[in-house]
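Working notes, beginning with the structure itself.
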Amino acid sequence: MCKNITDERLHLAVRSSVSHFLQMMLTHSTGQLSSSGQVTFPQDCDESRNYPSAKEVLKANNKSELITFMDKYWLSNKNDNEGLWEHEWNKHGTCMSTLEPGCLPPSSKKGADAALYFQRAVDLFKASDTYSFLAEAGIRPDSRKQFSLEEITQAIKAKHGATPALDCRNGRLSQIYYYFHLQGSAIDGTFLPVEPLKPGSCPKTNISYPPKNGAVTPTSTVTSARPSQTTPTSDVSRATIAVRTSDGTTTGCLLSTGRWSTQTCAKMNIITVDNGFTLTSSRGDCAIVSGEFTCGNSANPPSVFTATALNGENLLAFDGSTAFTANSIPRGSTQVTLSTGSDGVNDLTLVINGV
């Protein structure tokens with residue numbers, strides 16, 4: 001069916017009549033654009049349209065400029081942006097009835113359905129400028145302030161046209177969901193902002209909206225809003241890396257494998273290189289491999305890290321961000337893998353302690 005049915009009684013009933021869509025944005029990951037798909041949705045509807053390369057599909061359909069934009073804003077925490085885009089298309093895009101091949105113009109090239117899906121997702125992202133919405137209401141990232149749910153949602157609603165759903169993690173704003181009702185086809189129809197189909201997880205008060213990358217809100221005018229990122233100090237050549245959870249508790253440290261544990265901390269060698277430094281343990285060089293922190297044979301080449309000075313401490317940073325995450329907290333002899341970004345269960349920072 002190439003015509004979208006917008007009857008509220010039917011929009012959750014069958015695939016061809018789904019008309020509600022969700023735009024989700026992450027406020028503390030490396031990028032901001034996540035996915036655009038139905039709120040209540042079938043999944044993986046047409047394996048025959050699972051294209052092997054999202055980038056090649058975009059190039060073939062004269063949308064190469066989208067690749068640059070998506071590589072900047074639609075990011076994977078596993079360093080595989082294209083794989084993420086393909087996953088979103090395969091899982092969600094193939095279930096959009098108005099993008100089925102029979103609904104496209106006869107002269108459409110192969111993959112035009114996926115290219116249109118990516119285009120509309122990007123268009124919605126650009127139109128939902130959360131930072132500007134909040135800044136215009138005087139709400140800016142500030143590690144020392146807290147805001148109410150009403151303040152944040154009303155500031156966004158004033159610009160977006162409908163109330164978003166906000167998710168928080170440990171009291172910190174982490175995800176913003178924009179809901180839309182689609183009038184017409186996904187190809188050229190209109191996405192109308194609507195109220196959320198379910199509420200987010202944020203509390204009514206005391207919501208934190210801190211700067212990204214662990215930066216501190218300056219108390220006076222400075223030449224750059226970014227914290228200094230250098231080697232820890234000129235005289236530190238060995239260090240342990242402690243792990244701090246989002247509530248400020250220091251729990252364990254990194255082992256020689258690069259995993260997090262409460263066992264004996266590894267002593268890392270710090271080697272200054274251009275634009276930062278490398279870390280080496282008794283297992284070998286350390287690196288971020290497929291988004292995960294590791295030391296040993298697989299860390300080839302070693303990653304270049306920097307140190308962000310914050311409250312008299314040096315926080316380990318990778319690619320400009322001090323955000324690390326894990327899906328559990330180690331106990332006893334347990335070892336936990338750390339990933340970059342903030343998409344795991346536990347948000348973490350890594351503190352460099354010279355030895």
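A note on labels: chains of the structure tokens are A, B, ... as shown, every chain counts residues from 1, and ligands are counted from 1 in their shown order.
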Show me, as a VMD selection string, the residues that have an atom within 12 Å of A:Ala127 when counting only C-alpha atoms, minus same-chain residues fewer than 2 positions from it.
chain A and resid 23 33 120 to 125 129 to 133 156 159 to 161 178 191 to 193
Excluding A:Trp89 and its own-chain neighbours fewer than 6 positions away, which residues fall within 12 Å of it when counting only C-alpha atoms? Please give them as a ChimeraX atom specification.
/A:34-38,43-47,49-54,57,82-83,95-96,99,111-121
For A:Asn297, please output as a ChimeraX atom specification all residues within 7 Å (counting only C-alpha atoms; exclusion window: fewer than 2 positions along the same chain).
/A:284,299-300
Please write the residues from the selection above to a file, keeping all heavy atoms, as a PDB file, in the first residue's frame.
ATOM      1  N   GLY A 284      51.082  -5.139  26.470  1.00  0.00           N
ATOM      2  CA  GLY A 284      51.362  -4.481  25.197  1.00  0.00           C
ATOM      3  C   GLY A 284      50.651  -3.146  25.094  1.00  0.00           C
ATOM      4  O   GLY A 284      50.166  -2.598  26.093  1.00  0.00           O
ATOM      5  N   ALA A 299      45.663  -4.526  19.959  1.00  0.00           N
ATOM      6  CA  ALA A 299      45.766  -3.057  19.998  1.00  0.00           C
ATOM      7  C   ALA A 299      46.852  -2.590  19.040  1.00  0.00           C
ATOM      8  O   ALA A 299      47.906  -2.097  19.438  1.00  0.00           O
ATOM      9  CB  ALA A 299      46.060  -2.586  21.408  1.00  0.00           C
ATOM     10  N   ASN A 300      46.613  -2.765  17.775  1.00  0.00           N
ATOM     11  CA  ASN A 300      47.608  -2.440  16.758  1.00  0.00           C
ATOM     12  C   ASN A 300      46.926  -1.714  15.595  1.00  0.00           C
ATOM     13  O   ASN A 300      46.110  -2.298  14.901  1.00  0.00           O
ATOM     14  CB  ASN A 300      48.286  -3.719  16.255  1.00  0.00           C
ATOM     15  CG  ASN A 300      49.413  -3.433  15.267  1.00  0.00           C
ATOM     16  OD1 ASN A 300      49.939  -2.329  15.227  1.00  0.00           O
ATOM     17  ND2 ASN A 300      49.751  -4.434  14.471  1.00  0.00           N
TER      18      ASN A 300
END
Would you kindly return, as a PyMOL selection string, each protein, DNA or RNA residue with an atom no farther than 6 Å from any atom of stretch 268-270 of chain A, considering only C-alpha atoms and excluding same-chain residues fewer than 6 positions away?
chain A and resi 237-240+278-281
Export of the given selection (N, CA and C atoms) as a PDB file, in the first residue's frame:
ATOM      1  N   SER A 237      55.402   9.443  33.728  1.00  0.00           N
ATOM      2  CA  SER A 237      55.681   8.471  32.681  1.00  0.00           C
ATOM      3  C   SER A 237      55.002   7.141  32.942  1.00  0.00           C
ATOM      4  N   ARG A 238      54.504   6.937  34.184  1.00  0.00           N
ATOM      5  CA  ARG A 238      53.765   5.722  34.528  1.00  0.00           C
ATOM      6  C   ARG A 238      52.549   6.127  35.361  1.00  0.00           C
ATOM      7  N   ALA A 239      51.481   5.389  35.187  1.00  0.00           N
ATOM      8  CA  ALA A 239      50.257   5.727  35.901  1.00  0.00           C
ATOM      9  C   ALA A 239      49.347   4.517  36.014  1.00  0.00           C
ATOM     10  N   THR A 240      48.476   4.554  36.987  1.00  0.00           N
ATOM     11  CA  THR A 240      47.349   3.628  37.040  1.00  0.00           C
ATOM     12  C   THR A 240      46.124   4.394  36.564  1.00  0.00           C
ATOM     13  N   THR A 278      50.347   7.707  24.139  1.00  0.00           N
ATOM     14  CA  THR A 278      49.869   6.326  24.071  1.00  0.00           C
ATOM     15  C   THR A 278      50.040   5.683  25.435  1.00  0.00           C
ATOM     16  N   LEU A 279      49.320   4.593  25.657  1.00  0.00           N
ATOM     17  CA  LEU A 279      49.407   3.822  26.887  1.00  0.00           C
ATOM     18  C   LEU A 279      49.889   2.410  26.569  1.00  0.00           C
ATOM     19  N   THR A 280      50.767   1.890  27.418  1.00  0.00           N
ATOM     20  CA  THR A 280      51.273   0.531  27.253  1.00  0.00           C
ATOM     21  C   THR A 280      51.271  -0.170  28.593  1.00  0.00           C
ATOM     22  N   SER A 281      50.719  -1.384  28.637  1.00  0.00           N
ATOM     23  CA  SER A 281      50.734  -2.190  29.847  1.00  0.00           C
ATOM     24  C   SER A 281      51.702  -3.349  29.663  1.00  0.00           C
TER      25      SER A 281
END
Atom CA of A:Lys91 sits from atom CA of A:Leu75 at a separation of 17.0 Å
Residues of stretch 122-311 of chain A in helix (DSSP H, G or I) according to DSSP, as a list in words?
Val122, Asp123, Leu124, Phe125, Lys126, Ala127, Thr130, Tyr131, Ser132, Phe133, Leu134, Ala135, Leu149, Glu150, Glu151, Ile152, Thr153, Gln154, Ala155, Ile156, Lys157, Ala158, Lys159, His160, Lys212, Asn213 and Gly214 of chain A
Taking 6 positions as the minimum chain separation for residues in the same chain, which residues sit within 7 Å of A:Val351 when counting only C-alpha atoms? Answer as number ranges by chain.
A: 241-243, 314-316
Neighbour list for A:Pro302 as a PyMOL selection string, cut-off 6 Å, only C-alpha atoms, skip fewer than 4 positions in-chain
chain A and resi 285-287
Closest of A:Phe318, A:Phe147, A:Phe180, A:Trp260 to A:Leu197 - atom-to-atom distances counting only C-alpha atoms
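Selected residue with least distance to A:Leu197: A:Phe180.
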Considering only C-alpha atoms, state which residue in the set A:Thr294, A:Thr249, A:Thr98, A:Asn81 is at the smallest distance from A:Ile329.
A:Thr249
Could you work out how far atom CA of A:Ser290 lies from atom CA of A:Thr340, giving the answer in Å with one decimal?
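Computing it gives 9.4 Å between the two atoms.
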Write out as a PyMOL selection string which residues come within 12 Å of A:Ser333 when counting only C-alpha atoms, dropping same-chain ones fewer than 5 positions away.
chain A and resi 252+255+259-264
List every residue of stretch 74-157 of chain A that DSSP, applied to the backbone, labels as strand (DSSP E or B), and write the result as a PyMOL selection string.
chain A and resi 142-147
Limited to N, CA, C and O atoms, could you put the picked residues into a file as a CSV table (one decimal), in the first residue's frame?
chain,number,residue,atom,x,y,z
A,142,ASP,N,25.5,23.0,31.8
A,142,ASP,CA,26.1,23.6,33.0
A,142,ASP,C,26.2,22.5,34.1
A,142,ASP,O,25.2,22.0,34.6
A,143,SER,N,27.5,22.2,34.4
A,143,SER,CA,27.7,21.1,35.4
A,143,SER,C,27.3,21.5,36.8
A,143,SER,O,27.2,20.6,37.7
A,144,ARG,N,27.0,22.8,37.0
A,144,ARG,CA,26.6,23.2,38.4
A,144,ARG,C,25.1,23.4,38.6
A,144,ARG,O,24.7,23.7,39.7
A,145,LYS,N,24.3,23.3,37.5
A,145,LYS,CA,22.9,23.6,37.6
A,145,LYS,C,22.1,22.4,37.4
A,145,LYS,O,22.5,21.4,36.8
A,146,GLN,N,20.8,22.4,37.9
A,146,GLN,CA,19.9,21.4,37.6
A,146,GLN,C,18.6,22.1,37.2
A,146,GLN,O,18.3,23.2,37.5
A,147,PHE,N,17.8,21.3,36.4
A,147,PHE,CA,16.6,21.9,35.8
A,147,PHE,C,15.4,21.0,36.1
A,147,PHE,O,15.6,19.8,36.3
